[in-house]
Structures are given as C-alpha cells and as structure tokens.
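Q: Handing you a structure now.
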Amino acid sequence: MREQGPIRRGAHGHRVVGRGERGRGGWPRGTTRERILDIALDLFTERGYDKTSLREIADELGFTKAALYYHFERKEDILMALHMRIHALGHEVLDRLGQLGPDEQNVEVWSGLLDEFIDQVVANRKLFTFQARNHNALEQIYHNEHNTADHEDMEQRLRAVLSDATIPTATRVRMACAIGAVFGGLLEAGEVFADVPIDELASLVRDAVRDLLGAKRPATNGRRPPRTLRF
C-alpha cells in the first residue's frame, strides 16, 4: 500500500482532494455535490454570499472553476440548493404527519414529532445561521419557480392536516400555535436569541410547545443525540 503523503487543506481547514483520489472523468470520488454545498455553506455563513466567489469555493475544494461548473453553473444555483436543504427539514416532518393514522392525531404524538423537528433544527443550525446572515441574497430566489412551487406544496400539506375535521378543533388550534412557537422561537427570531446557548433555547421552545399542546412532560431528561439530515 502506497504511503499517504501529507493531507492538503484549504484556508478553512477543508481537505483538498489530490489527483490520486479522483474517480472517472477526473472528478473526486464520493458525494462531490454535497461537499461543494458543505464548503459553500461555511463560506457563505462566515463571509457572506455576496463576498464569496465561485473561485474561492473551487480553491477550497482544490477544484478548477470548470470542475465546479460541472455541478453548479451559477453561484445562485448553490444558494438555491442550500435553501432547499432547509425545505428538506420541513418535508420530513410533513411526511411523518401525513403517515399518522386517525388514532395517532393527538397532542402527545404531535409533541413528539415537533420534538424531533427541533432536534433537526439544532443539528442543522448552521443552515439557519446562513439564512439569517444572507437574507438579502435569499430574497433574490424567493420568487424562483422551483422555490415557490415547493413552498406551496408544503403549505398545502400542512393545511390538509390542520383542516382535518376528524381532529377536534381545539386540538388543531393548539397544533397550529405549537408550530408557530417552533418557527417563532427557534427560526424566525434569528439573531434575537443569539446570546442563548442553542441547547437551552431548544429546551425552552420544547417547553413552550408542550404548554401550547397541553402535552405531558417527559419522565426523564435523557434525550437521544440529534441527527443531521444527509442530502
């Protein structure tokens, strides 16, 4: 086995791919598209979208710009792909809601699902920091056809659940308020609670959700480690 030389890294510590690690066609092996997005997420969050160039993203990866163009033709395409990662979090919880049976549409089950969603937000908090710090850039893609269609799809799916007449009206109102608590306290507030440790903030939001739903408090404080979605 050939001895491995020193690992080259870019300015932000990301591993630079060497020629010997390239697959067919000269592209790096593995999930190249996801690696591009991960590094772009770091750079857009640290420097800002407008102050980060495609050249800097390519350099951090050890790519040429031509290699980067193979995956993303424009910087706006990278921005959209990162925004869609946020949408993926919403789609996952909506998928779970859509799979609930009639006997599962209750405050305890909803509390558990929103608990899992809070876990996802905490595990992917860099995405939301990126969104808060690049609000002006993201405004440019809000009216993109793909983004608009995806937003409408999520809204329709949520409305379908909240308008389900088999669920008592009082429960549906509590559900709607609890969803608002998650978005208002953990997402939309942005930098308002930046001085609050994320775990503490998440715990306070969980408490608010349970209060709004009238759900029972968990018997113990033990929680499984949050997982990060893979895209």
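By order of appearance in the structure tokens: chains A, B, ..., then residues from 1 within every chain, and ligands from 1 in the order shown.
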Among stretch 58-223 of chain A, which residues carry a DSSP assignment of helix (DSSP H, G or I), reported as a VMD selection string?

A: chain A and resid 58 to 61 65 to 71 75 to 98 102 to 104 107 to 123 125 to 133 135 to 139 145 to 162 169 to 188 190 to 193 198 to 213

Q: For the residues in that selection, give me C-alpha atoms as a compact mmCIF listing (two decimals), in the first residue's frame.

A:
# COMPACT_ATOMS: atom_id res chain seq x y z
CA ALA A 58 -13.34 25.98 -6.06
CA ASP A 59 -9.99 26.78 -4.43
CA GLU A 60 -11.19 25.49 -1.07
CA LEU A 61 -12.09 22.19 -2.75
CA LYS A 65 -13.75 26.61 -11.78
CA ALA A 66 -14.56 24.39 -14.77
CA ALA A 67 -14.91 21.40 -12.44
CA LEU A 68 -17.21 23.40 -10.18
CA TYR A 69 -19.31 24.46 -13.18
CA TYR A 70 -19.90 20.78 -13.93
CA HIS A 71 -22.04 20.62 -10.76
CA LYS A 75 -23.45 30.81 -7.68
CA GLU A 76 -27.22 31.35 -7.47
CA ASP A 77 -27.67 27.59 -8.09
CA ILE A 78 -25.60 26.85 -4.99
CA LEU A 79 -27.66 29.33 -2.99
CA MET A 80 -30.87 27.65 -4.10
CA ALA A 81 -29.54 24.18 -3.27
CA LEU A 82 -28.66 25.29 0.26
CA HIS A 83 -32.10 26.84 0.68
CA MET A 84 -33.63 23.54 -0.45
CA ARG A 85 -31.78 21.81 2.39
CA ILE A 86 -33.92 23.88 4.76
CA HIS A 87 -37.03 22.82 2.86
CA ALA A 88 -35.97 19.20 3.29
CA LEU A 89 -36.32 19.55 7.07
CA GLY A 90 -39.91 20.70 6.65
CA HIS A 91 -40.71 17.95 4.16
CA GLU A 92 -39.50 15.26 6.53
CA VAL A 93 -41.83 16.30 9.37
CA LEU A 94 -44.73 16.74 6.91
CA ASP A 95 -44.08 13.23 5.60
CA ARG A 96 -44.35 11.93 9.15
CA LEU A 97 -47.55 13.86 9.77
CA GLY A 98 -49.10 12.52 6.58
CA PRO A 102 -56.65 8.62 12.85
CA ASP A 103 -55.85 7.29 16.32
CA GLU A 104 -52.42 8.99 16.25
CA VAL A 107 -51.26 16.20 21.18
CA GLU A 108 -48.83 13.60 22.51
CA VAL A 109 -47.88 12.32 19.05
CA TRP A 110 -47.66 15.87 17.70
CA SER A 111 -45.47 16.89 20.62
CA GLY A 112 -43.11 14.03 19.82
CA LEU A 113 -42.92 14.95 16.13
CA LEU A 114 -42.22 18.60 16.90
CA ASP A 115 -39.58 17.44 19.38
CA GLU A 116 -37.88 15.57 16.55
CA PHE A 117 -38.16 18.61 14.29
CA ILE A 118 -36.47 20.74 16.97
CA ASP A 119 -33.70 18.12 17.10
CA GLN A 120 -33.25 18.53 13.34
CA VAL A 121 -33.10 22.31 13.57
CA VAL A 122 -30.48 22.14 16.33
CA ALA A 123 -28.40 19.58 14.40
CA ARG A 125 -28.39 25.14 12.96
CA LYS A 126 -25.63 26.33 10.61
CA LEU A 127 -28.23 26.30 7.82
CA PHE A 128 -30.38 28.74 9.76
CA THR A 129 -27.41 30.95 10.67
CA PHE A 130 -26.60 31.03 6.96
CA GLN A 131 -30.19 32.02 6.20
CA ALA A 132 -30.26 34.79 8.81
CA ARG A 133 -26.96 36.27 7.61
CA HIS A 135 -31.39 37.34 3.96
CA ASN A 136 -30.91 39.87 1.17
CA ALA A 137 -29.33 37.32 -1.15
CA LEU A 138 -32.07 34.79 -0.45
CA GLU A 139 -34.73 37.34 -1.34
CA GLU A 145 -40.42 28.88 -9.79
CA HIS A 146 -38.95 25.84 -8.03
CA ASN A 147 -38.84 27.58 -4.65
CA THR A 148 -42.39 28.92 -4.99
CA ALA A 149 -43.77 25.51 -6.00
CA ASP A 150 -42.04 23.81 -3.09
CA HIS A 151 -43.34 26.41 -0.62
CA GLU A 152 -46.88 25.98 -1.94
CA ASP A 153 -46.62 22.21 -1.69
CA MET A 154 -45.57 22.38 1.97
CA GLU A 155 -48.30 24.90 2.79
CA GLN A 156 -50.97 22.73 1.15
CA ARG A 157 -49.81 19.64 3.02
CA LEU A 158 -49.85 21.47 6.34
CA ARG A 159 -53.28 22.96 5.64
CA ALA A 160 -54.60 19.48 4.85
CA VAL A 161 -53.53 18.26 8.30
CA LEU A 162 -54.79 21.30 10.18
CA THR A 169 -60.97 22.00 16.58
CA ALA A 170 -59.32 22.85 19.90
CA THR A 171 -56.55 20.32 19.18
CA ARG A 172 -55.97 21.70 15.69
CA VAL A 173 -55.69 25.24 17.07
CA ARG A 174 -53.17 24.04 19.65
CA MET A 175 -51.22 22.31 16.89
CA ALA A 176 -51.10 25.46 14.76
CA CYS A 177 -49.93 27.54 17.73
CA ALA A 178 -47.25 24.99 18.61
CA ILE A 179 -45.87 25.07 15.07
CA GLY A 180 -45.78 28.86 15.32
CA ALA A 181 -43.82 28.56 18.57
CA VAL A 182 -41.11 26.46 16.90
CA PHE A 183 -40.74 28.83 13.96
CA GLY A 184 -41.04 31.98 16.05
CA GLY A 185 -38.77 30.94 18.90
CA LEU A 186 -36.15 28.90 17.08
CA LEU A 187 -36.13 30.09 13.47
CA GLU A 188 -37.73 33.45 12.70
CA GLY A 190 -32.83 34.81 14.01
CA GLU A 191 -30.16 36.64 15.96
CA VAL A 192 -32.55 37.82 18.70
CA PHE A 193 -31.61 34.90 20.94
CA ILE A 198 -28.68 26.59 21.42
CA ASP A 199 -29.44 23.66 23.73
CA GLU A 200 -31.01 25.98 26.29
CA LEU A 201 -33.06 27.75 23.62
CA ALA A 202 -34.23 24.42 22.20
CA SER A 203 -35.27 23.27 25.68
CA LEU A 204 -37.30 26.45 26.24
CA VAL A 205 -39.02 26.02 22.87
CA ARG A 206 -39.84 22.40 23.72
CA ASP A 207 -41.44 23.57 26.96
CA ALA A 208 -43.47 26.18 25.09
CA VAL A 209 -44.64 23.56 22.58
CA ARG A 210 -45.77 21.20 25.32
CA ASP A 211 -47.55 24.02 27.13
CA LEU A 212 -49.41 25.03 23.97
CA LEU A 213 -50.36 21.46 23.15

Q: Name all residues at most 10 Å from A:Ile57 (count only C-alpha atoms; drop same-chain ones fewer than 4 positions away) and give them as a PyMOL selection string.

A: chain A and resi 10+36-37+39-44+52-53+61-65+68+75

Q: Go ahead and write the selection's residues with C-alpha atoms as a CSV table (one decimal), in the first residue's frame.

A:
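Output contents, as saved in again16.csv:
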chain,number,residue,atom,x,y,z
A,10,GLY,CA,-7.7,24.8,2.2
A,36,ILE,CA,-19.4,21.6,-2.6
A,37,LEU,CA,-22.5,22.6,-0.7
A,39,ILE,CA,-18.0,24.2,1.9
A,40,ALA,CA,-20.2,26.9,0.3
A,41,LEU,CA,-22.3,26.8,3.4
A,42,ASP,CA,-19.2,27.5,5.6
A,43,LEU,CA,-18.0,30.3,3.3
A,44,PHE,CA,-21.4,32.0,2.9
A,52,THR,CA,-17.7,34.8,-1.6
A,53,SER,CA,-16.8,34.0,-5.2
A,61,LEU,CA,-12.1,22.2,-2.8
A,62,GLY,CA,-8.9,22.0,-4.8
A,63,PHE,CA,-11.0,22.3,-8.0
A,64,THR,CA,-10.8,24.3,-11.1
A,65,LYS,CA,-13.8,26.6,-11.8
A,68,LEU,CA,-17.2,23.4,-10.2
A,75,LYS,CA,-23.5,30.8,-7.7

Q: Could you tell me how far atom CA of A:Ile167 lies from atom CA of A:Gly101, in Å and to one decimal?

A: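 That distance, rounded to one decimal, is 11.3 Å.
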
Q: To one decimal in Å, tell me the separation between atom CA of A:Gln140 and atom CA of A:Arg47.

A: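 Pair atom CA of A:Gln140 / atom CA of A:Arg47 returns 18.3 Å.
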
Q: Just give me the gap between atom CA of A:Tyr142 and atom CA of A:Thr31 in Å, one decimal is fine.

A: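 These two atoms are separated by 26.9 Å.
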
Q: Using DSSP on the backbone coordinates, identify all residues within stretch 1-205 of chain A classified as strand (DSSP E or B); present the result as a VMD selection string.

A: chain A and resid 9 15 22 28

Q: Restrict the selected residues to N, CA and C atoms and save them as a tab-separated table (two decimals), in the first residue's frame.

A:
chain	number	residue	atom	x	y	z
A	9	ARG	N	-4.89	20.98	2.93
A	9	ARG	CA	-6.15	21.58	3.34
A	9	ARG	C	-6.23	23.01	2.84
A	15	ARG	N	-10.35	19.48	3.55
A	15	ARG	CA	-9.39	18.63	2.87
A	15	ARG	C	-9.43	18.88	1.38
A	22	ARG	N	-9.11	10.95	-7.35
A	22	ARG	CA	-10.16	11.31	-8.30
A	22	ARG	C	-10.71	10.08	-8.99
A	28	PRO	N	-13.66	14.10	-8.11
A	28	PRO	CA	-13.38	13.43	-6.84
A	28	PRO	C	-14.40	12.34	-6.56
